Amino acid sequence: MQTGIDRRQIILITFGVFLTTLIVFGIYLFIFKNSNVLIVKNLETKIDLVGTWRVSTIVPTIQIRFISDREAILLEESSETKLHLMEDGEGLQLRRRGEETPIGYFLFRELKKDSWQGLWGDNLVVLKRISADN
């Protein structure tokens, strides 16, 4: 007859404590890492969007003039259309006024100083800076 904790029970308890600690640490990293990344992404969008950008690989030529962090103008060959800009944490949506579906979507992680890769309709495009109107 045994009167204490045997070796197998000690191993199981140690493994359970280790696994619980690992899970709690993983949850902690997941929660706090994501909020820090969003802060960095939001700062990146403010860097230098203001100016005129050309949507490459689209014919006829399309340009976008960013006026502020919420408004832009779509410059096509024969018309100008106001665009509404909407951030969603991962990227920037460009929408025509009154439309639900964005015509363009650009990820913040793809934003460079003078280029920005993203989607225009169903096409993968690169926005290239033409001028900075600061």
# chains A, B, ... in the order shown; residues from 1 in each chain; ligands from 1
$ residues_around --residues "segment 125-128 of chain A" --least-positions-apart "5" --cutoff "12 Å" --atoms "only C-alpha atoms" --output "short mmCIF file (atom, residue, chain, number, x, y, z; two decimals) with C-alpha atoms, in the first residue's frame"
data_model
loop_
_atom_site.label_atom_id
_atom_site.label_comp_id
_atom_site.auth_asym_id
_atom_site.auth_seq_id
_atom_site.Cartn_x
_atom_site.Cartn_y
_atom_site.Cartn_z
CA LEU A 49 0.26 59.81 -48.91
CA GLY A 51 0.29 63.98 -53.44
CA THR A 52 -0.45 62.52 -56.87
CA TRP A 53 0.03 58.82 -57.53
CA ARG A 54 -0.29 56.90 -60.83
CA VAL A 55 -1.98 53.49 -60.92
CA SER A 56 0.49 51.44 -62.96
CA THR A 57 -0.47 48.71 -65.43
CA ILE A 58 -3.96 50.18 -65.96
CA VAL A 59 -4.89 51.48 -69.40
CA THR A 61 -4.03 56.06 -67.37
CA ILE A 62 -5.54 56.56 -63.92
CA GLN A 63 -4.13 58.85 -61.24
CA ILE A 64 -5.11 59.39 -57.62
CA ARG A 65 -4.54 62.69 -55.84
CA PHE A 66 -4.55 62.18 -52.08
CA GLY A 104 -9.02 49.84 -54.59
CA TYR A 105 -7.40 48.21 -51.59
CA PHE A 106 -3.80 48.69 -50.47
CA LEU A 107 -2.11 46.93 -47.54
CA GLU A 110 3.26 47.17 -48.78
CA LEU A 111 3.58 50.96 -48.44
CA LYS A 112 7.00 52.26 -49.50
CA LYS A 113 8.19 55.84 -49.89
CA ASP A 114 7.28 56.20 -53.58
CA SER A 115 5.32 53.03 -54.35
CA TRP A 116 2.45 51.03 -52.89
CA GLN A 117 1.31 47.63 -54.10
CA GLY A 118 -2.36 46.70 -53.89
CA LEU A 119 -5.56 45.79 -55.73
CA TRP A 120 -7.47 47.94 -58.20
#
$ select_by_dssp --residues "chain A" --states "alpha helix (DSSP H)" --output "MDAnalysis selection string"
chainID A and resid 7:45
$ select_by_dssp --residues "chain A" --states "strand (DSSP E)" --output "count of residues only"
52
$ atom_distance --atom1 "atom CA of Arg8 of chain A" --atom2 "atom CA of Thr21 of chain A"
20.2 Å
$ atom_distance --atom1 "atom CA of Ile13 of chain A" --atom2 "atom CA of Leu29 of chain A"
24.5 Å
$ atom_distance --atom1 "atom CA of Glu77 of chain A" --atom2 "atom CA of Pro60 of chain A"
7.2 Å
